[in-house]
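Colleague: Dropping the structure in here first, questions after.
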Amino acid sequence: MMSGTSLDAIDVALVEFTRDPADPSLLTARPLHLGEQPWPAATSASLRAVLPPAPADVATWSRLHAAVGDAFAAAATAVLAEHGDADLVATHGQTVYHDVQDGRTLSTLQIGDPSRLVEATGLPVIHDLRSADVAAGGQGAPLAPLLDQLLLGGDPEERTAVLNIGGISNVSLVGGGNGPGEVIAGDIGPGNALLDAAVHAATGRAADHDALIARTGTVDRPALQALLADPFSAQPLPRSTGREHYDGQYVRHLLGRDAADALALPDLLATLTELTAVTISQAIRELGASRVVASGGGIRNPLLRERLAHHLGPVPLLDADELGIPADGKEALLIALLGYLGAHGLPGTLAGPDGPAHTGARGPRVLGSLTPPRGLSALPHGPADEVPVGRLEIVPGRSTRTTHR
């Protein structure tokens with residue numbers, strides 16, 4: 001289960017994982033359900049109300065921790081009631097703070113009381129998937145490179161930039177003959193976060209669906225150049241960021257209040273769309289990718305996709321769906337994979353034999369905490385579970401896709 005910084009829905013994947021007895025390094029994932037469950041309106045509104053730079057006190061965070069847990073519990077029980085039982089729940093929760101200073105992640109906080117999931121489902125819950133990496137000196141993000149490497153890193157001919165555009169955009173560079181320890185990854189910059197914040201501030205709506213407003217605007221070139229000068233984009237990978245950097249006052253911080261307020265909403269959205277496309281394409285060009293495989297909600301923004309394809313050319317921009325990877329369910333599939341690996345004591349981050357993890361941590365770490373503490377005793381285990389996963393294969397299942405908007 002996953003909710004990203006865009007707060008658009010709770011993504012839920014029900015996945016059956018199987019080890020191949022003849023090749024224990026091969027893990028098979030059979031999606032039985034990929035879908036979205038809606039946020040309760042009051043909880044979503046409360047979360048948006050405390051996004052940086054808005055202040056929040058301890059009482060607010062305590063209530064939101066419980067409310068997010070209840071929302072995830074309701075989403076889990078709805079999916080399980082319709083699509084079948086499970087052995088384990090893996091939840092990312094909702095990131096509310098990711099504290100990066102001078103390129104180092106000092107702390108990260110994902111809320112959503114796992115005990116409420118246990119109470120609702122009767123299943124063990126793996127949660128808190130970033131803290132172990134941060135404790136080992138890592139960025140704690142992005143976590144997707146493990147999945148990207150297992151799915152696309154085995155092609156010696158293709159140097160693939162696996163792009164995800166959520167609230168924040170991130171990339172993994174895999175394949176081209178490089179092994180797991182040579183994966184380059186990190187957050188690139190804004191995805192939907194700045195666009196959504198601008199629309200919400202001006203209209204109260206969550207997003208500019210289909211870029212209908214942005215298409216009527218004109219890119220303000222001086223404003224774009226000022227935004228592109230953000231020092232974050234010049235930091236080396238691995239790096240991470242969040243809403244704390246790309247907050248509701250970001251444009252005012254970089255342009256100044258008067259210049260930012262002078263931009264009409266259509267022109268602001270057109271400029272921010274171009275900012276996102278240019279920032280992503282510049283980062284990917286520096287990596288020398290031969291193709292880009294994209295997923296995440298931002299790729300459904302038609303104007304952003306057009307501008308991104310324009311700036312990336314001639315490097316092809318592909319949907320993950322074209323390669324058999326569920327683009328809309330990829331992050332939930334990732335969380336399911338991390339839950340499986342954590343349950344079997346296997347690392348959730350990538351590294352070579354003696355090298356740091358792709359996040360910059362001192363080495364790969366098993367990710368997640370378990371509630372209740374003895375909840376995995378009923379899970380099936382065998383000798384193959386001790387073998388590191390080297391490949392992941394997604395096979396057809398009775399997968400369904402539901403969307404609630």
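Naming scheme: A, B, ... for chains in displayed order of the structure tokens; residues 1 onward per chain; ligands 1 onward as shown.
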Kindly assemble as a Markdown table a list of the range 88-193 of chain A residues that lie within 12 Å of range 201-211 of chain A, each paired with its nearest atom pair and their distance in Å to one decimal, using only C-alpha atoms, sorted first by chain and then by ascending residue number.
Modeller:
```
| residue | atom | partner | partner_atom | distance |
| --- | --- | --- | --- | --- |
| A:Gly167 | CA | A:Ala207 | CA | 11.2 |
| A:Asn192 | CA | A:Ala207 | CA | 8.5 |
| A:Ala193 | CA | A:Ala207 | CA | 9.5 |
```
Colleague: Taking 4 positions as the minimum chain separation for residues in the same chain, which residues sit within 10 Å of range 235-242 of chain A when counting only C-alpha atoms? Answer as number ranges by chain.
Modeller: A: 5, 52, 95-105, 138-142, 167-172, 184-190, 193, 230-231, 246-247, 283, 357-361
Colleague: Go ahead and write the residues just picked, N, CA and C atoms, as a CSV table (one decimal), in the first residue's frame.
Modeller:
```
chain,number,residue,atom,x,y,z
A,5,THR,N,3.5,11.8,-2.5
A,5,THR,CA,3.4,13.2,-2.0
A,5,THR,C,2.2,14.0,-2.7
A,52,PRO,N,4.2,21.5,4.3
A,52,PRO,CA,5.1,22.7,4.4
A,52,PRO,C,4.7,23.8,3.4
A,95,THR,N,4.2,10.1,3.8
A,95,THR,CA,5.4,10.9,4.2
A,95,THR,C,4.9,12.3,4.5
A,96,VAL,N,5.2,12.7,5.7
A,96,VAL,CA,4.8,14.1,6.1
A,96,VAL,C,6.1,15.0,6.3
A,97,TYR,N,7.3,14.4,6.4
A,97,TYR,CA,8.5,15.2,6.6
A,97,TYR,C,9.7,14.4,6.1
A,98,HIS,N,10.5,15.0,5.3
A,98,HIS,CA,11.7,14.3,4.9
A,98,HIS,C,12.8,15.4,5.0
A,99,ASP,N,13.6,15.3,6.1
A,99,ASP,CA,14.5,16.4,6.5
A,99,ASP,C,15.9,16.2,5.9
A,100,VAL,N,16.1,17.0,4.9
A,100,VAL,CA,17.4,17.0,4.2
A,100,VAL,C,18.1,18.3,4.4
A,101,GLN,N,19.4,18.3,4.9
A,101,GLN,CA,20.2,19.5,5.1
A,101,GLN,C,21.6,19.2,4.6
A,102,ASP,N,22.0,20.2,3.7
A,102,ASP,CA,23.4,20.1,3.1
A,102,ASP,C,23.6,18.7,2.5
A,103,GLY,N,22.6,18.2,1.8
A,103,GLY,CA,22.7,17.0,1.0
A,103,GLY,C,22.6,15.7,1.8
A,104,ARG,N,22.3,15.8,3.1
A,104,ARG,CA,22.2,14.7,4.0
A,104,ARG,C,20.8,14.6,4.6
A,105,THR,N,20.3,13.4,4.6
A,105,THR,CA,19.0,13.2,5.2
A,105,THR,C,19.2,12.9,6.7
A,138,GLY,N,22.0,6.7,4.6
A,138,GLY,CA,21.4,6.9,3.3
A,138,GLY,C,20.4,8.0,3.2
A,139,GLN,N,20.0,8.3,2.0
A,139,GLN,CA,19.0,9.3,1.7
A,139,GLN,C,17.6,8.8,2.1
A,140,GLY,N,17.4,7.5,2.2
A,140,GLY,CA,16.1,7.0,2.5
A,140,GLY,C,15.2,7.0,1.3
A,141,ALA,N,15.7,7.5,0.1
A,141,ALA,CA,14.9,7.7,-1.1
A,141,ALA,C,15.9,7.8,-2.3
A,142,PRO,N,15.4,7.5,-3.5
A,142,PRO,CA,14.2,6.7,-3.7
A,142,PRO,C,14.4,5.3,-3.5
A,167,GLY,N,4.7,13.5,-6.9
A,167,GLY,CA,4.9,14.8,-6.4
A,167,GLY,C,6.3,15.3,-6.7
A,168,ILE,N,7.2,14.4,-6.5
A,168,ILE,CA,8.6,14.6,-6.8
A,168,ILE,C,9.0,13.6,-7.9
A,169,SER,N,9.9,14.0,-8.8
A,169,SER,CA,10.4,13.1,-9.8
A,169,SER,C,11.7,12.5,-9.4
A,170,ASN,N,11.8,11.2,-9.7
A,170,ASN,CA,13.0,10.4,-9.4
A,170,ASN,C,13.4,9.5,-10.6
A,171,VAL,N,14.7,9.1,-10.6
A,171,VAL,CA,15.2,8.3,-11.7
A,171,VAL,C,16.1,7.2,-11.2
A,172,SER,N,16.1,6.1,-11.9
A,172,SER,CA,17.1,5.0,-11.7
A,172,SER,C,17.7,4.8,-13.0
A,184,ILE,N,22.7,4.1,-10.6
A,184,ILE,CA,22.7,5.5,-10.2
A,184,ILE,C,21.3,5.9,-10.0
A,185,ALA,N,21.0,6.5,-8.9
A,185,ALA,CA,19.6,6.9,-8.7
A,185,ALA,C,19.5,8.1,-7.8
A,186,GLY,N,18.3,8.7,-7.8
A,186,GLY,CA,18.0,9.8,-6.9
A,186,GLY,C,16.8,10.6,-7.3
A,187,ASP,N,16.4,11.5,-6.4
A,187,ASP,CA,15.4,12.4,-6.8
A,187,ASP,C,15.9,13.5,-7.7
A,188,ILE,N,15.1,13.8,-8.7
A,188,ILE,CA,15.5,14.8,-9.7
A,188,ILE,C,15.1,16.2,-9.3
A,189,GLY,N,13.8,16.4,-9.0
A,189,GLY,CA,13.3,17.7,-8.7
A,189,GLY,C,11.8,17.6,-8.7
A,190,PRO,N,11.1,18.7,-9.0
A,190,PRO,CA,9.6,18.7,-9.0
A,190,PRO,C,9.0,17.7,-9.9
A,193,ALA,N,4.3,18.3,-7.6
A,193,ALA,CA,4.1,19.1,-6.4
A,193,ALA,C,3.8,20.5,-6.6
A,230,ASP,N,17.9,26.9,-9.2
A,230,ASP,CA,17.8,26.2,-7.9
A,230,ASP,C,19.1,25.3,-7.7
A,231,PRO,N,19.8,25.6,-6.6
A,231,PRO,CA,21.1,24.8,-6.4
A,231,PRO,C,20.8,23.3,-6.2
A,246,TYR,N,10.1,21.8,-2.1
A,246,TYR,CA,9.2,22.3,-3.1
A,246,TYR,C,7.8,22.5,-2.5
A,247,ASP,N,7.8,23.5,-1.6
A,247,ASP,CA,6.6,23.8,-0.8
A,247,ASP,C,5.7,24.8,-1.5
A,283,ALA,N,18.6,16.2,-16.3
A,283,ALA,CA,19.2,15.1,-15.4
A,283,ALA,C,19.4,13.8,-16.2
A,357,ALA,N,25.1,1.5,-0.6
A,357,ALA,CA,23.8,1.3,-1.2
A,357,ALA,C,23.5,2.4,-2.2
A,358,HIS,N,22.6,2.2,-3.1
A,358,HIS,CA,22.3,3.2,-4.1
A,358,HIS,C,21.8,4.5,-3.5
A,359,THR,N,21.4,4.5,-2.2
A,359,THR,CA,20.9,5.6,-1.5
A,359,THR,C,22.1,6.4,-0.9
A,360,GLY,N,23.3,5.9,-0.9
A,360,GLY,CA,24.4,6.4,-0.2
A,360,GLY,C,24.6,5.9,1.1
A,361,ALA,N,23.8,5.0,1.6
A,361,ALA,CA,24.0,4.3,2.9
A,361,ALA,C,25.2,3.5,2.9
```
Colleague: Using only C-alpha atoms, determine which residues lie at most 12 Å from Arg215 in chain A, disregarding the query and same-chain residues fewer than 3 positions distant; provide the list as an mmCIF file with C-alpha atoms, in the first residue's frame.
Modeller:
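Okay, part_16.cif is ready:
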```
data_model
loop_
_atom_site.group_PDB
_atom_site.id
_atom_site.type_symbol
_atom_site.label_atom_id
_atom_site.label_comp_id
_atom_site.auth_asym_id
_atom_site.auth_seq_id
_atom_site.Cartn_x
_atom_site.Cartn_y
_atom_site.Cartn_z
ATOM 1 C CA ASP A 208 -5.061 20.853 -13.175
ATOM 2 C CA HIS A 209 -6.498 17.709 -14.750
ATOM 3 C CA ASP A 210 -5.362 17.125 -18.340
ATOM 4 C CA ALA A 211 -3.424 20.434 -18.130
ATOM 5 C CA LEU A 212 -6.502 22.308 -19.267
ATOM 6 C CA THR A 218 2.550 31.071 -21.867
ATOM 7 C CA VAL A 219 5.919 30.163 -20.381
ATOM 8 C CA LEU A 265 -2.369 31.123 -13.047
ATOM 9 C CA PRO A 266 -2.250 29.785 -16.655
ATOM 10 C CA ASP A 267 1.204 31.333 -17.199
ATOM 11 C CA LEU A 268 2.429 30.051 -13.827
ATOM 12 C CA LEU A 269 1.273 26.509 -14.634
ATOM 13 C CA ALA A 270 2.784 26.612 -18.122
ATOM 14 C CA THR A 271 6.080 27.799 -16.607
ATOM 15 C CA LEU A 272 6.071 25.148 -13.896
ATOM 16 C CA THR A 273 5.286 22.438 -16.461
ATOM 17 C CA GLU A 274 8.259 23.560 -18.526
ATOM 18 C CA ASN A 301 -0.317 15.000 -17.716
ATOM 19 C CA PRO A 302 -0.479 15.375 -21.513
ATOM 20 C CA LEU A 303 1.294 18.730 -21.671
ATOM 21 C CA LEU A 304 4.093 17.595 -19.379
ATOM 22 C CA GLU A 306 4.692 16.418 -24.675
ATOM 23 C CA ARG A 307 7.292 18.801 -23.318
#
```
Colleague: Using DSSP on the backbone coordinates, identify the residues of range 60-199 of chain A assigned to strand (DSSP E or B); present them as a PyMOL selection string.
Modeller: chain A and resi 89-90+94-101+104-111+125-127+159-165+168-175+184-190
Colleague: Go ahead and save the picked residues with C-alpha atoms, as a compact mmCIF listing (two decimals), in the first residue's frame.
Modeller:
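Printed below is part15.txt as written:
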```
# COMPACT_ATOMS: atom_id res chain seq x y z
CA VAL A 89 0.42 -6.21 4.57
CA ALA A 90 3.25 -3.89 3.55
CA GLN A 94 2.15 8.88 4.16
CA THR A 95 5.36 10.90 4.16
CA VAL A 96 4.84 14.09 6.13
CA TYR A 97 8.46 15.18 6.56
CA HIS A 98 11.74 14.33 4.88
CA ASP A 99 14.49 16.37 6.51
CA VAL A 100 17.44 16.99 4.16
CA GLN A 101 20.16 19.47 5.08
CA ARG A 104 22.24 14.66 4.01
CA THR A 105 18.96 13.15 5.19
CA LEU A 106 18.73 13.72 8.93
CA SER A 107 15.31 12.15 9.46
CA THR A 108 12.23 10.97 7.64
CA LEU A 109 8.70 10.45 8.89
CA GLN A 110 5.89 8.37 7.39
CA ILE A 111 2.67 8.24 9.40
CA VAL A 125 2.11 -5.42 8.92
CA ILE A 126 5.53 -4.28 7.70
CA HIS A 127 5.89 -0.50 7.80
CA ARG A 159 21.03 1.90 -20.63
CA THR A 160 17.58 2.60 -19.20
CA ALA A 161 16.53 5.65 -17.20
CA VAL A 162 13.51 4.50 -15.20
CA LEU A 163 11.57 7.66 -14.44
CA ASN A 164 8.80 8.13 -11.90
CA ILE A 165 6.88 11.39 -11.78
CA ILE A 168 8.65 14.62 -6.79
CA SER A 169 10.38 13.12 -9.84
CA ASN A 170 13.04 10.45 -9.41
CA VAL A 171 15.15 8.28 -11.67
CA SER A 172 17.11 5.02 -11.66
CA LEU A 173 19.75 4.32 -14.31
CA VAL A 174 19.99 0.56 -14.86
CA GLY A 175 21.21 -1.89 -17.48
CA ILE A 184 22.70 5.48 -10.24
CA ALA A 185 19.56 6.87 -8.66
CA GLY A 186 18.03 9.81 -6.86
CA ASP A 187 15.35 12.44 -6.77
CA ILE A 188 15.53 14.82 -9.72
CA GLY A 189 13.27 17.68 -8.69
CA PRO A 190 9.63 18.70 -8.96
```
Colleague: Mind pulling up the distance from CA of Met1 in chain A to CA of Asp85 in chain A?
Modeller: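 So the two atoms, CA of Asp85 in chain A and CA of Met1 in chain A, lie 14.8 Å apart.
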Colleague: Rank nothing, just name the residue among A:Val292, A:Leu341, A:Pro180, A:Val199 nearest to Leu318 in chain A, using only C-alpha atoms.
Modeller: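 Smallest distance to Leu318 in chain A is found for A:Val292.
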Colleague: Restricting the calculation to only C-alpha atoms: of A:Asp148, A:Glu157, A:Asp261, A:Asp87, which residue gets closest to Ala289 in chain A?
Modeller: A:Glu157
Colleague: Please list as a ChimeraX atom specification every residue within 12 Å of Glu322 in chain A, counting only C-alpha atoms and excluding residues in the same chain fewer than 6 positions away.
Modeller: /A:292-295
Colleague: Produce a file of the selected residues containing C-alpha atoms, as a compact mmCIF listing (two decimals), in the first residue's frame.
Modeller:
```
# COMPACT_ATOMS: atom_id res chain seq x y z
CA VAL A 292 13.44 6.40 -20.75
CA VAL A 293 10.73 4.20 -19.20
CA ALA A 294 8.22 6.34 -17.32
CA SER A 295 5.50 5.81 -14.73
```
Colleague: Just want the 6 Å neighbourhood of range 118-124 of chain A, counted on only C-alpha atoms, with same-chain residues fewer than 6 positions away dropped. Output as a list in words.
Modeller: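 Residues meeting the cut-off are Ala73, Leu88, Thr371 and Gly375 of chain A.
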Colleague: Store the residues of this selection in a file with all heavy atoms, as a PDB file, in the first residue's frame.
Modeller:
```pdb
ATOM      1  N   ALA A  73      -6.333   1.190   6.662  1.00  0.00           N
ATOM      2  CA  ALA A  73      -7.060  -0.014   7.098  1.00  0.00           C
ATOM      3  C   ALA A  73      -8.329  -0.205   6.294  1.00  0.00           C
ATOM      4  O   ALA A  73      -8.654  -1.327   5.878  1.00  0.00           O
ATOM      5  CB  ALA A  73      -7.369   0.091   8.588  1.00  0.00           C
ATOM      6  N   LEU A  88       0.373 -11.029   4.383  1.00  0.00           N
ATOM      7  CA  LEU A  88       1.148  -9.925   4.932  1.00  0.00           C
ATOM      8  C   LEU A  88       0.686  -8.624   4.293  1.00  0.00           C
ATOM      9  O   LEU A  88       0.353  -8.588   3.106  1.00  0.00           O
ATOM     10  CB  LEU A  88       2.641 -10.147   4.614  1.00  0.00           C
ATOM     11  CG  LEU A  88       3.623  -9.040   4.972  1.00  0.00           C
ATOM     12  CD1 LEU A  88       3.762  -8.928   6.491  1.00  0.00           C
ATOM     13  CD2 LEU A  88       4.990  -9.329   4.336  1.00  0.00           C
ATOM     14  N   THR A 371       4.721  -5.162  12.888  1.00  0.00           N
ATOM     15  CA  THR A 371       3.666  -5.137  13.906  1.00  0.00           C
ATOM     16  C   THR A 371       2.666  -6.249  13.594  1.00  0.00           C
ATOM     17  O   THR A 371       2.187  -6.318  12.466  1.00  0.00           O
ATOM     18  CB  THR A 371       2.934  -3.789  13.906  1.00  0.00           C
ATOM     19  OG1 THR A 371       3.885  -2.731  14.145  1.00  0.00           O
ATOM     20  CG2 THR A 371       1.857  -3.736  14.976  1.00  0.00           C
ATOM     21  N   GLY A 375       4.580 -11.558  14.155  1.00  0.00           N
ATOM     22  CA  GLY A 375       3.517 -11.788  13.187  1.00  0.00           C
ATOM     23  C   GLY A 375       3.866 -12.576  11.958  1.00  0.00           C
ATOM     24  O   GLY A 375       2.977 -12.898  11.176  1.00  0.00           O
TER      25      GLY A 375
END
```
Colleague: Go through range 194-405 of chain A and collect every residue that DSSP, computed from the backbone, puts in helix (DSSP H, G or I); the answer should be as an MDAnalysis selection string.
Modeller: chainID A and resid 194:203 209:211 214:216 221:228 231:234 250:255 257:261 265:287 297:300 302:312 320:323 330:343 383:386
Colleague: Could you list, as number ranges by chain, every residue within 8 Å of range 349-353 of chain A, counting only C-alpha atoms and ignoring same-chain residues fewer than 5 positions away?
Modeller: A: 143, 145-146, 179-183, 358-359, 363-366
Colleague: Of the candidates A:Ser131, A:Leu370, A:Asp319, A:Ala75, which one gets nearest to Gln37 in chain A if we count only C-alpha atoms?
Modeller: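 Residue with the minimum atom-to-atom distance to Gln37 in chain A: A:Ala75.
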